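Structure below is query37.cif: mmCIF, C-alpha atoms, pLDDT in the B column; chains and numbers go by the auth columns.
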data_upload
#
loop_
_atom_site.group_PDB
_atom_site.id
_atom_site.type_symbol
_atom_site.label_atom_id
_atom_site.label_comp_id
_atom_site.label_asym_id
_atom_site.label_seq_id
_atom_site.Cartn_x
_atom_site.Cartn_y
_atom_site.Cartn_z
_atom_site.B_iso_or_equiv
_atom_site.auth_seq_id
_atom_site.auth_asym_id
ATOM 1 C CA MET A 1 15.183 -40.803 17.610 38.00 1 Y
ATOM 2 C CA ASN A 2 18.079 -38.731 18.934 44.00 2 Y
ATOM 3 C CA ALA A 3 20.441 -40.404 16.491 42.00 3 Y
ATOM 4 C CA VAL A 4 18.096 -39.617 13.602 41.00 4 Y
ATOM 5 C CA ASN A 5 17.814 -35.974 14.692 47.00 5 Y
ATOM 6 C CA THR A 6 21.590 -35.713 14.969 44.00 6 Y
ATOM 7 C CA ASN A 7 21.992 -37.078 11.450 46.00 7 Y
ATOM 8 C CA MET A 8 19.384 -34.673 10.113 47.00 8 Y
ATOM 9 C CA GLU A 9 21.179 -31.725 11.713 49.00 9 Y
ATOM 10 C CA SER A 10 24.596 -32.809 10.401 49.00 10 Y
ATOM 11 C CA ASP A 11 23.209 -33.291 6.862 57.00 11 Y
ATOM 12 C CA PHE A 12 21.479 -29.906 6.779 58.00 12 Y
ATOM 13 C CA GLN A 13 23.320 -27.208 4.862 62.00 13 Y
ATOM 14 C CA GLY A 14 22.109 -23.665 5.431 64.00 14 Y
ATOM 15 C CA ALA A 15 21.944 -21.263 2.484 65.00 15 Y
ATOM 16 C CA LYS A 16 24.791 -18.798 1.983 69.00 16 Y
ATOM 17 C CA ARG A 17 23.785 -15.367 3.272 65.00 17 Y
ATOM 18 C CA GLU A 18 24.185 -12.555 0.741 63.00 18 Y
ATOM 19 C CA GLN A 19 24.091 -9.057 2.246 64.00 19 Y
ATOM 20 C CA SER A 20 25.185 -6.055 0.179 66.00 20 Y
ATOM 21 C CA SER A 21 23.068 -3.220 1.523 71.00 21 Y
ATOM 22 C CA ILE A 22 24.344 0.319 2.061 74.00 22 Y
ATOM 23 C CA LEU A 23 24.544 0.036 5.843 71.00 23 Y
ATOM 24 C CA ALA A 24 25.625 -3.618 6.052 71.00 24 Y
ATOM 25 C CA PRO A 25 29.251 -3.042 7.194 77.00 25 Y
ATOM 26 C CA PHE A 26 28.220 -0.563 9.907 81.00 26 Y
ATOM 27 C CA GLU A 27 25.284 -2.699 11.008 77.00 27 Y
ATOM 28 C CA ARG A 28 27.471 -5.797 11.261 82.00 28 Y
ATOM 29 C CA SER A 29 29.952 -3.989 13.498 84.00 29 Y
ATOM 30 C CA ALA A 30 27.174 -2.597 15.704 85.00 30 Y
ATOM 31 C CA LEU A 31 25.485 -5.984 16.076 82.00 31 Y
ATOM 32 C CA ASN A 32 28.734 -7.755 16.946 85.00 32 Y
ATOM 33 C CA TRP A 33 29.441 -5.053 19.561 86.00 33 Y
ATOM 34 C CA LEU A 34 25.961 -5.505 21.060 86.00 34 Y
ATOM 35 C CA ALA A 35 26.182 -9.315 20.988 84.00 35 Y
ATOM 36 C CA SER A 36 29.453 -9.263 22.935 85.00 36 Y
ATOM 37 C CA ARG A 37 27.833 -7.187 25.674 84.00 37 Y
ATOM 38 C CA MET A 38 24.443 -8.848 26.033 85.00 38 Y
ATOM 39 C CA PRO A 39 23.750 -10.549 29.392 88.00 39 Y
ATOM 40 C CA LYS A 40 23.968 -14.335 29.235 88.00 40 Y
ATOM 41 C CA TRP A 41 20.359 -14.742 30.309 89.00 41 Y
ATOM 42 C CA VAL A 42 19.207 -12.969 27.117 87.00 42 Y
ATOM 43 C CA SER A 43 18.761 -15.617 24.429 87.00 43 Y
ATOM 44 C CA SER A 44 18.092 -15.384 20.703 88.00 44 Y
ATOM 45 C CA ASP A 45 14.510 -16.543 21.388 88.00 45 Y
ATOM 46 C CA HIS A 46 13.999 -13.615 23.763 91.00 46 Y
ATOM 47 C CA LEU A 47 15.181 -11.218 21.062 91.00 47 Y
ATOM 48 C CA THR A 48 12.959 -12.809 18.408 92.00 48 Y
ATOM 49 C CA LEU A 49 9.916 -12.412 20.639 93.00 49 Y
ATOM 50 C CA LEU A 50 10.924 -8.832 21.394 93.00 50 Y
ATOM 51 C CA GLY A 51 11.090 -8.099 17.664 93.00 51 Y
ATOM 52 C CA LEU A 52 7.625 -9.576 17.089 94.00 52 Y
ATOM 53 C CA ALA A 53 6.084 -7.720 20.043 96.00 53 Y
ATOM 54 C CA ALA A 54 7.695 -4.481 18.839 96.00 54 Y
ATOM 55 C CA MET A 55 6.160 -4.838 15.376 95.00 55 Y
ATOM 56 C CA PHE A 56 2.739 -5.542 16.905 96.00 56 Y
ATOM 57 C CA LEU A 57 3.057 -2.393 19.030 97.00 57 Y
ATOM 58 C CA ALA A 58 4.232 -0.361 16.042 96.00 58 Y
ATOM 59 C CA GLY A 59 1.075 -1.405 14.205 95.00 59 Y
ATOM 60 C CA LEU A 60 -1.037 -0.633 17.267 96.00 60 Y
ATOM 61 C CA PHE A 61 0.376 2.891 17.552 96.00 61 Y
ATOM 62 C CA TYR A 62 -0.190 3.395 13.815 95.00 62 Y
ATOM 63 C CA PHE A 63 -3.845 2.678 14.595 96.00 63 Y
ATOM 64 C CA PHE A 64 -3.818 5.146 17.508 96.00 64 Y
ATOM 65 C CA SER A 65 -2.288 7.819 15.265 94.00 65 Y
ATOM 66 C CA ARG A 66 -5.578 8.175 13.395 93.00 66 Y
ATOM 67 C CA TRP A 67 -6.669 10.325 16.355 94.00 67 Y
ATOM 68 C CA ASP A 68 -3.374 12.052 17.121 93.00 68 Y
ATOM 69 C CA PRO A 69 -0.211 12.095 14.943 93.00 69 Y
ATOM 70 C CA ILE A 70 1.925 12.297 18.094 94.00 70 Y
ATOM 71 C CA PHE A 71 1.579 8.499 18.279 95.00 71 Y
ATOM 72 C CA LEU A 72 3.770 8.242 15.174 95.00 72 Y
ATOM 73 C CA HIS A 73 6.742 8.903 17.470 96.00 73 Y
ATOM 74 C CA PHE A 74 5.819 5.714 19.353 96.00 74 Y
ATOM 75 C CA VAL A 75 5.627 3.864 16.022 96.00 75 Y
ATOM 76 C CA ASN A 76 9.198 4.962 15.307 96.00 76 Y
ATOM 77 C CA PHE A 77 10.363 3.862 18.744 96.00 77 Y
ATOM 78 C CA TRP A 78 8.948 0.368 18.299 96.00 78 Y
ATOM 79 C CA ILE A 79 10.337 0.067 14.767 94.00 79 Y
ATOM 80 C CA ALA A 80 13.777 0.777 16.275 94.00 80 Y
ATOM 81 C CA VAL A 81 13.150 -1.864 18.967 94.00 81 Y
ATOM 82 C CA ASN A 82 12.135 -4.289 16.227 94.00 82 Y
ATOM 83 C CA TRP A 83 15.504 -3.728 14.529 89.00 83 Y
ATOM 84 C CA PHE A 84 17.251 -4.481 17.830 88.00 84 Y
ATOM 85 C CA GLY A 85 15.408 -7.758 18.409 88.00 85 Y
ATOM 86 C CA ASP A 86 15.079 -8.970 14.827 84.00 86 Y
ATOM 87 C CA SER A 87 18.650 -8.178 13.780 85.00 87 Y
ATOM 88 C CA LEU A 88 20.412 -9.232 16.961 85.00 88 Y
ATOM 89 C CA ASP A 89 18.770 -12.647 17.492 84.00 89 Y
ATOM 90 C CA GLY A 90 20.768 -14.380 14.762 82.00 90 Y
ATOM 91 C CA THR A 91 23.933 -12.440 15.553 85.00 91 Y
ATOM 92 C CA ILE A 92 23.926 -13.473 19.195 86.00 92 Y
ATOM 93 C CA ALA A 93 23.333 -17.118 18.256 84.00 93 Y
ATOM 94 C CA ARG A 94 26.336 -17.035 15.921 85.00 94 Y
ATOM 95 C CA TYR A 95 28.470 -15.128 18.446 81.00 95 Y
ATOM 96 C CA ARG A 96 27.775 -17.759 21.127 84.00 96 Y
ATOM 97 C CA ASN A 97 28.102 -20.622 18.626 84.00 97 Y
ATOM 98 C CA MET A 98 24.547 -21.748 19.424 82.00 98 Y
ATOM 99 C CA GLN A 99 23.113 -21.770 15.911 79.00 99 Y
ATOM 100 C CA ARG A 100 19.978 -23.744 15.111 84.00 100 Y
ATOM 101 C CA PRO A 101 19.883 -23.313 11.315 81.00 101 Y
ATOM 102 C CA ARG A 102 16.501 -24.902 10.518 84.00 102 Y
ATOM 103 C CA TYR A 103 14.712 -23.678 13.641 87.00 103 Y
ATOM 104 C CA GLY A 104 16.246 -20.201 13.354 82.00 104 Y
ATOM 105 C CA PHE A 105 15.450 -19.829 9.668 82.00 105 Y
ATOM 106 C CA TYR A 106 11.846 -20.941 10.076 87.00 106 Y
ATOM 107 C CA VAL A 107 11.028 -19.006 13.249 89.00 107 Y
ATOM 108 C CA ASP A 108 12.789 -15.819 12.172 87.00 108 Y
ATOM 109 C CA HIS A 109 10.943 -15.585 8.882 87.00 109 Y
ATOM 110 C CA ILE A 110 7.530 -16.685 10.058 92.00 110 Y
ATOM 111 C CA VAL A 111 7.863 -13.961 12.704 92.00 111 Y
ATOM 112 C CA ASP A 112 8.726 -11.492 9.909 91.00 112 Y
ATOM 113 C CA THR A 113 5.564 -12.590 8.117 92.00 113 Y
ATOM 114 C CA PHE A 114 3.383 -11.765 11.110 94.00 114 Y
ATOM 115 C CA GLY A 115 5.343 -8.574 11.779 94.00 115 Y
ATOM 116 C CA ALA A 116 4.721 -7.200 8.279 93.00 116 Y
ATOM 117 C CA PHE A 117 1.021 -8.006 8.644 94.00 117 Y
ATOM 118 C CA PHE A 118 0.775 -6.187 11.992 95.00 118 Y
ATOM 119 C CA LEU A 119 2.592 -3.106 10.687 94.00 119 Y
ATOM 120 C CA LEU A 120 0.628 -2.715 7.470 94.00 120 Y
ATOM 121 C CA LEU A 121 -2.687 -3.522 9.151 95.00 121 Y
ATOM 122 C CA GLY A 122 -2.036 -0.737 11.630 94.00 122 Y
ATOM 123 C CA LEU A 123 -1.012 1.603 8.805 94.00 123 Y
ATOM 124 C CA ALA A 124 -4.204 0.845 6.883 93.00 124 Y
ATOM 125 C CA LEU A 125 -6.299 1.509 10.013 94.00 125 Y
ATOM 126 C CA SER A 126 -4.456 4.773 10.677 92.00 126 Y
ATOM 127 C CA ASN A 127 -6.124 6.531 7.712 90.00 127 Y
ATOM 128 C CA TYR A 128 -2.667 7.604 6.511 93.00 128 Y
ATOM 129 C CA MET A 129 -2.709 4.902 3.813 92.00 129 Y
ATOM 130 C CA GLY A 130 -5.637 3.520 1.849 91.00 130 Y
ATOM 131 C CA ASP A 131 -6.706 -0.078 2.405 91.00 131 Y
ATOM 132 C CA ARG A 132 -6.032 -1.123 -1.188 94.00 132 Y
ATOM 133 C CA VAL A 133 -2.528 0.323 -1.214 94.00 133 Y
ATOM 134 C CA ALA A 134 -1.707 -1.366 2.112 93.00 134 Y
ATOM 135 C CA VAL A 135 -3.003 -4.724 0.850 94.00 135 Y
ATOM 136 C CA GLY A 136 -1.088 -4.341 -2.418 94.00 136 Y
ATOM 137 C CA LEU A 137 2.095 -3.522 -0.519 92.00 137 Y
ATOM 138 C CA LEU A 138 1.644 -6.538 1.755 94.00 138 Y
ATOM 139 C CA ILE A 139 1.025 -8.858 -1.192 95.00 139 Y
ATOM 140 C CA VAL A 140 4.101 -7.776 -3.128 93.00 140 Y
ATOM 141 C CA TYR A 141 6.190 -8.003 0.068 91.00 141 Y
ATOM 142 C CA TYR A 142 4.995 -11.573 0.608 94.00 142 Y
ATOM 143 C CA MET A 143 5.685 -12.462 -3.041 93.00 143 Y
ATOM 144 C CA LEU A 144 9.222 -11.086 -2.790 89.00 144 Y
ATOM 145 C CA SER A 145 9.737 -13.010 0.463 89.00 145 Y
ATOM 146 C CA ILE A 146 8.478 -16.255 -1.089 91.00 146 Y
ATOM 147 C CA ASN A 147 10.900 -15.773 -3.967 89.00 147 Y
ATOM 148 C CA VAL A 148 13.779 -15.283 -1.509 87.00 148 Y
ATOM 149 C CA TYR A 149 12.884 -18.426 0.469 87.00 149 Y
ATOM 150 C CA LEU A 150 12.512 -20.552 -2.668 88.00 150 Y
ATOM 151 C CA ALA A 151 15.891 -19.338 -3.938 87.00 151 Y
ATOM 152 C CA ALA A 152 17.470 -20.165 -0.570 83.00 152 Y
ATOM 153 C CA TYR A 153 16.170 -23.747 -0.908 84.00 153 Y
ATOM 154 C CA THR A 154 16.837 -24.349 -4.603 85.00 154 Y
ATOM 155 C CA ILE A 155 19.966 -22.257 -5.268 80.00 155 Y
ATOM 156 C CA GLY A 156 21.499 -22.176 -1.786 80.00 156 Y
ATOM 157 C CA THR A 157 21.775 -18.378 -1.586 78.00 157 Y
ATOM 158 C CA PHE A 158 19.740 -16.405 0.918 71.00 158 Y
ATOM 159 C CA LYS A 159 19.532 -12.862 -0.399 68.00 159 Y
ATOM 160 C CA LEU A 160 19.105 -10.306 2.390 67.00 160 Y
ATOM 161 C CA SER A 161 19.116 -7.175 0.249 63.00 161 Y
ATOM 162 C CA PHE A 162 17.922 -5.903 -3.120 67.00 162 Y
ATOM 163 C CA TRP A 163 19.340 -2.854 -4.910 62.00 163 Y
ATOM 164 C CA LYS A 164 21.452 -2.018 -1.844 68.00 164 Y
ATOM 165 C CA LEU A 165 18.353 -1.996 0.375 68.00 165 Y
ATOM 166 C CA SER A 166 17.707 -4.382 3.260 73.00 166 Y
ATOM 167 C CA PRO A 167 15.097 -4.389 6.050 78.00 167 Y
ATOM 168 C CA THR A 168 17.365 -2.026 8.011 80.00 168 Y
ATOM 169 C CA GLU A 169 17.249 0.653 5.316 82.00 169 Y
ATOM 170 C CA LEU A 170 13.501 0.129 4.975 84.00 170 Y
ATOM 171 C CA ARG A 171 13.051 0.723 8.711 88.00 171 Y
ATOM 172 C CA ILE A 172 14.966 3.992 8.407 88.00 172 Y
ATOM 173 C CA ILE A 173 12.767 5.020 5.475 87.00 173 Y
ATOM 174 C CA PHE A 174 9.656 4.245 7.543 88.00 174 Y
ATOM 175 C CA ILE A 175 10.978 6.273 10.494 92.00 175 Y
ATOM 176 C CA ALA A 176 11.856 9.260 8.296 92.00 176 Y
ATOM 177 C CA GLY A 177 8.527 8.987 6.492 90.00 177 Y
ATOM 178 C CA ASN A 178 6.612 8.985 9.767 93.00 178 Y
ATOM 179 C CA LEU A 179 8.355 12.203 10.849 94.00 179 Y
ATOM 180 C CA VAL A 180 7.321 13.846 7.580 92.00 180 Y
ATOM 181 C CA LEU A 181 3.818 12.393 7.927 91.00 181 Y
ATOM 182 C CA ILE A 182 3.218 14.302 11.175 91.00 182 Y
ATOM 183 C CA TYR A 183 3.356 17.623 9.316 90.00 183 Y
ATOM 184 C CA TYR A 184 2.531 16.684 5.722 90.00 184 Y
ATOM 185 C CA PRO A 185 -0.004 13.815 5.581 88.00 185 Y
ATOM 186 C CA ASN A 186 -1.178 14.922 2.120 86.00 186 Y
ATOM 187 C CA VAL A 187 0.538 15.954 -1.089 86.00 187 Y
ATOM 188 C CA LYS A 188 -0.721 17.813 -4.133 87.00 188 Y
ATOM 189 C CA ILE A 189 0.044 16.338 -7.542 86.00 189 Y
ATOM 190 C CA LEU A 190 -1.301 17.700 -10.833 83.00 190 Y
ATOM 191 C CA GLY A 191 -4.009 19.650 -9.072 79.00 191 Y
ATOM 192 C CA GLY A 192 -5.197 16.719 -6.945 84.00 192 Y
ATOM 193 C CA THR A 193 -4.667 16.025 -3.246 87.00 193 Y
ATOM 194 C CA TYR A 194 -3.515 12.557 -2.223 88.00 194 Y
ATOM 195 C CA LEU A 195 -2.373 10.801 0.927 89.00 195 Y
ATOM 196 C CA LEU A 196 1.421 10.987 1.140 90.00 196 Y
ATOM 197 C CA TYR A 197 1.669 7.319 2.085 90.00 197 Y
ATOM 198 C CA ASP A 198 -0.595 6.307 -0.798 92.00 198 Y
ATOM 199 C CA ILE A 199 1.945 7.823 -3.189 91.00 199 Y
ATOM 200 C CA VAL A 200 4.871 6.306 -1.278 89.00 200 Y
ATOM 201 C CA GLY A 201 3.060 2.962 -1.140 91.00 201 Y
ATOM 202 C CA MET A 202 2.355 2.904 -4.872 92.00 202 Y
ATOM 203 C CA VAL A 203 5.967 3.771 -5.687 91.00 203 Y
ATOM 204 C CA SER A 204 7.113 1.031 -3.287 89.00 204 Y
ATOM 205 C CA ILE A 205 4.811 -1.503 -4.960 92.00 205 Y
ATOM 206 C CA VAL A 206 6.274 -0.669 -8.379 93.00 206 Y
ATOM 207 C CA VAL A 207 9.881 -0.809 -7.134 89.00 207 Y
ATOM 208 C CA MET A 208 9.389 -4.078 -5.243 89.00 208 Y
ATOM 209 C CA SER A 209 7.598 -5.588 -8.250 93.00 209 Y
ATOM 210 C CA LEU A 210 10.577 -4.730 -10.449 92.00 210 Y
ATOM 211 C CA MET A 211 12.899 -6.292 -7.856 87.00 211 Y
ATOM 212 C CA LEU A 212 10.747 -9.414 -7.882 91.00 212 Y
ATOM 213 C CA ILE A 213 10.589 -9.725 -11.667 93.00 213 Y
ATOM 214 C CA ARG A 214 14.336 -9.223 -12.044 90.00 214 Y
ATOM 215 C CA SER A 215 15.080 -11.777 -9.314 88.00 215 Y
ATOM 216 C CA VAL A 216 12.643 -14.358 -10.741 92.00 216 Y
ATOM 217 C CA ILE A 217 14.204 -14.076 -14.201 94.00 217 Y
ATOM 218 C CA LYS A 218 17.717 -14.376 -12.779 90.00 218 Y
ATOM 219 C CA ASN A 219 16.886 -17.357 -10.550 87.00 219 Y
ATOM 220 C CA THR A 220 15.016 -19.153 -13.328 92.00 220 Y
ATOM 221 C CA LYS A 221 18.007 -18.789 -15.657 91.00 221 Y
ATOM 222 C CA VAL A 222 20.383 -20.133 -12.998 87.00 222 Y
ATOM 223 C CA LEU A 223 18.183 -23.153 -12.296 89.00 223 Y
ATOM 224 C CA TYR A 224 17.497 -23.832 -15.984 88.00 224 Y
ATOM 225 C CA ARG A 225 21.207 -23.847 -16.783 88.00 225 Y
ATOM 226 C CA SER A 226 22.036 -26.060 -13.815 86.00 226 Y
ATOM 227 C CA GLU A 227 19.400 -28.636 -14.788 80.00 227 Y
ATOM 228 C CA ARG A 228 19.418 -28.341 -18.552 80.00 228 Y
ATOM 229 C CA ILE A 229 17.821 -31.325 -20.298 75.00 229 Y
ATOM 230 C CA GLN A 230 20.284 -32.806 -22.790 68.00 230 Y
#
Show the structure stored in the file as structure tokens.
Amino acid sequence: MNAVNTNMESDFQGAKREQSSILAPFERSALNWLASRMPKWVSSDHLTLLGLAAMFLAGLFYFFSRWDPIFLHFVNFWIAVNWFGDSLDGTIARYRNMQRPRYGFYVDHIVDTFGAFFLLLGLALSNYMGDRVAVGLLIVYYMLSINVYLAAYTIGTFKLSFWKLSPTELRIIFIAGNLVLIYYPNVKILGGTYLLYDIVGMVSIVVMSLMLIRSVIKNTKVLYRSERIQ
């Protein structure tokens, strides 16, 4: 069995990571600096669990903010902790040359799946975003993620950013949005009053849908050309 597992690991080829977001160079330097200074007893698994717990707590404090917007500061704190755990787990594994490509890929992204659910569930329960908008945002996020994972398997490229935006930039947008939300939970448009995060959510759904459509068309063309029937 051990021999079979060894062969499986040696035959496995991880997808090429493609990261071209605005903050990528600065983030890479910061993560490498942190990885070189982390205590040896802190493992990538510890950081992954920290990232998941942080996203659960961010969602929980979104829920609490329905009674007092001061809890949005706690949401921001846990989103920052999520960045620390979620971004550093892979970096520290690579820094220590302890990569587990299949295990790491699966666990990292299934954790992201649960994390997005926790965050948007809490946001929907906060009364700062309508249920339908939150569900729509979660669905399009999952569809975009599925597209990324399928492309990683079929094309061999794991795309970490779209239109110069990665999860890091999205976290910053969430944090900035939460600070605005404390003072301006509603906006007036064309004589009507709407939840700020309903407008932001709808715009995000449209933008992410366009990202998805463009990526699907591009990936389909690449695969069609590579397997053209003569």
Distance query Leu120 (chain Y) at most 9 Å, all atoms listed in the file, self and fewer than 2 positions along chain excluded, as a ChimeraX atom specification
/Y:59,62,115-118,122-125,134-135,137-138
Convert the output of the PyMOL selection byres ((chain Y and resi 172-187) around 7) on the shown file into explicit residues, formatted as a PyMOL selection string.
chain Y and resi 69+72+76+128+168-171+188-189+193-196
Residues near Ile70 (chain Y), anyone? I mean within 10 Å using only C-alpha atoms, not counting same-chain ones fewer than 4 positions away, as a PyMOL selection string.
chain Y and resi 61+64-66+74-75+179+182
Could you name the residues that touch Ser44 (chain Y) at 9 Å or less, counting only C-alpha atoms, but leaving out those on the same chain fewer than 4 positions away, as a PDB file with C-alpha atoms, in the coordinates of the input?
ATOM      1  CA  THR Y  48      12.959 -12.809  18.408  1.00 92.00           C
ATOM      2  CA  LEU Y  49       9.916 -12.412  20.639  1.00 93.00           C
ATOM      3  CA  GLY Y  85      15.408  -7.758  18.409  1.00 88.00           C
ATOM      4  CA  LEU Y  88      20.412  -9.232  16.961  1.00 85.00           C
ATOM      5  CA  ASP Y  89      18.770 -12.647  17.492  1.00 84.00           C
ATOM      6  CA  GLY Y  90      20.768 -14.380  14.762  1.00 82.00           C
ATOM      7  CA  THR Y  91      23.933 -12.440  15.553  1.00 85.00           C
ATOM      8  CA  ILE Y  92      23.926 -13.473  19.195  1.00 86.00           C
ATOM      9  CA  ALA Y  93      23.333 -17.118  18.256  1.00 84.00           C
ATOM     10  CA  GLY Y 104      16.246 -20.201  13.354  1.00 82.00           C
TER      11      GLY Y 104
END
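Proximity of Y:Thr157, Y:Met98, Y:Ile205, Y:Pro25 to Leu144 (chain Y), computed with all atoms listed in the file, is greatest for Y:Ile205.
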Min atom-atom distance to Ile146 (chain Y) from the set Y:Asp68, Y:Glu27, Y:Asp86, Y:Asp112, counting all atoms listed in the file, belongs to Y:Asp112
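Rounded to one decimal, CA of Arg225 (chain Y) and CA of Leu210 (chain Y) lie 22.8 Å from each other.
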In Å to one decimal, how far is CA of Ala151 (chain Y) from CA of Ala35 (chain Y)?
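CA of Ala35 (chain Y) sits 28.8 Å away from CA of Ala151 (chain Y).
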Would you place a box with edges along x, y and z of the file around all atoms of region 164-173 of chain Y listed there, add 5 Å to each of its six sides, and report the centre and edge lengths in Å to one decimal, as AutoDock Vina command-line options?
--center_x 17.1 --center_y 0.3 --center_z 3.4 --size_x 18.7 --size_y 19.4 --size_z 20.6
Please provide as a PyMOL selection string all residues within 12 Å of region 214-224 of chain Y, with the sequence filter that same-chain residues fewer than 4 positions apart are discarded (counting all atoms listed in the file).
chain Y and resi 143-159+161-163+207-210+228-230
Of the candidates Y:Phe114, Y:Tyr106, Y:Tyr95, Y:Trp67, which shows the shortest atom-to-atom distance to Ala53 (chain Y), using all atoms listed in the file?
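Looking only at the distances to Ala53 (chain Y), the closest residue turns out to be Y:Phe114.
Proximity of Y:Trp78, Y:Tyr197, Y:Tyr142, Y:Tyr103 to Asp45 (chain Y), computed with only C-alpha atoms, is greatest for Y:Tyr103.
Straight-line separation from CA of Val206 (chain Y) to CA of Ser87 (chain Y): 26.5 Å.
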Counting all atoms listed in the file, the option among Y:Gly192, Y:Ser166, Y:Val133, Y:Phe71 closest to Ala24 (chain Y)
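That would be Y:Ser166, the residue with the smallest distance to Ala24 (chain Y).
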Complete the atom set of region 50-70 of chain Y to N, CA and C atoms and return it as a JSON list (two decimals), keeping the file's coordinate frame.
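Generated output (result17.json):
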[["chain", "number", "residue", "atom", "x", "y", "z"],
["Y", 50, "LEU", "N", 10.91, -10.29, 21.24],
["Y", 50, "LEU", "CA", 10.92, -8.83, 21.39],
["Y", 50, "LEU", "C", 10.67, -8.16, 20.05],
["Y", 51, "GLY", "N", 11.30, -8.67, 19.00],
["Y", 51, "GLY", "CA", 11.09, -8.10, 17.66],
["Y", 51, "GLY", "C", 9.65, -8.22, 17.20],
["Y", 52, "LEU", "N", 9.03, -9.37, 17.47],
["Y", 52, "LEU", "CA", 7.62, -9.58, 17.09],
["Y", 52, "LEU", "C", 6.70, -8.65, 17.88],
["Y", 53, "ALA", "N", 6.91, -8.58, 19.20],
["Y", 53, "ALA", "CA", 6.08, -7.72, 20.04],
["Y", 53, "ALA", "C", 6.23, -6.26, 19.62],
["Y", 54, "ALA", "N", 7.45, -5.86, 19.26],
["Y", 54, "ALA", "CA", 7.70, -4.48, 18.84],
["Y", 54, "ALA", "C", 6.93, -4.15, 17.56],
["Y", 55, "MET", "N", 6.89, -5.09, 16.62],
["Y", 55, "MET", "CA", 6.16, -4.84, 15.38],
["Y", 55, "MET", "C", 4.65, -4.77, 15.62],
["Y", 56, "PHE", "N", 4.16, -5.61, 16.54],
["Y", 56, "PHE", "CA", 2.74, -5.54, 16.90],
["Y", 56, "PHE", "C", 2.42, -4.17, 17.51],
["Y", 57, "LEU", "N", 3.29, -3.69, 18.38],
["Y", 57, "LEU", "CA", 3.06, -2.39, 19.03],
["Y", 57, "LEU", "C", 3.21, -1.24, 18.04],
["Y", 58, "ALA", "N", 4.11, -1.38, 17.08],
["Y", 58, "ALA", "CA", 4.23, -0.36, 16.04],
["Y", 58, "ALA", "C", 2.93, -0.26, 15.25],
["Y", 59, "GLY", "N", 2.36, -1.40, 14.90],
["Y", 59, "GLY", "CA", 1.08, -1.40, 14.20],
["Y", 59, "GLY", "C", -0.03, -0.83, 15.06],
["Y", 60, "LEU", "N", -0.01, -1.15, 16.35],
["Y", 60, "LEU", "CA", -1.04, -0.63, 17.27],
["Y", 60, "LEU", "C", -0.97, 0.89, 17.37],
["Y", 61, "PHE", "N", 0.24, 1.44, 17.45],
["Y", 61, "PHE", "CA", 0.38, 2.89, 17.55],
["Y", 61, "PHE", "C", 0.09, 3.58, 16.21],
["Y", 62, "TYR", "N", 0.29, 2.86, 15.10],
["Y", 62, "TYR", "CA", -0.19, 3.40, 13.82],
["Y", 62, "TYR", "C", -1.71, 3.59, 13.89],
["Y", 63, "PHE", "N", -2.39, 2.60, 14.44],
["Y", 63, "PHE", "CA", -3.84, 2.68, 14.60],
["Y", 63, "PHE", "C", -4.23, 3.86, 15.48],
["Y", 64, "PHE", "N", -3.53, 4.03, 16.59],
["Y", 64, "PHE", "CA", -3.82, 5.15, 17.51],
["Y", 64, "PHE", "C", -3.56, 6.50, 16.84],
["Y", 65, "SER", "N", -2.65, 6.54, 15.87],
["Y", 65, "SER", "CA", -2.29, 7.82, 15.26],
["Y", 65, "SER", "C", -3.41, 8.40, 14.40],
["Y", 66, "ARG", "N", -4.45, 7.64, 14.15],
["Y", 66, "ARG", "CA", -5.58, 8.18, 13.40],
["Y", 66, "ARG", "C", -6.27, 9.29, 14.18],
["Y", 67, "TRP", "N", -6.08, 9.29, 15.51],
["Y", 67, "TRP", "CA", -6.67, 10.32, 16.36],
["Y", 67, "TRP", "C", -5.66, 11.41, 16.73],
["Y", 68, "ASP", "N", -4.38, 11.06, 16.75],
["Y", 68, "ASP", "CA", -3.37, 12.05, 17.12],
["Y", 68, "ASP", "C", -2.03, 11.64, 16.50],
["Y", 69, "PRO", "N", -1.47, 12.47, 15.61],
["Y", 69, "PRO", "CA", -0.21, 12.10, 14.94],
["Y", 69, "PRO", "C", 0.97, 11.96, 15.89],
["Y", 70, "ILE", "N", 0.83, 12.43, 17.13],
["Y", 70, "ILE", "CA", 1.92, 12.30, 18.09],
["Y", 70, "ILE", "C", 2.29, 10.83, 18.31]]
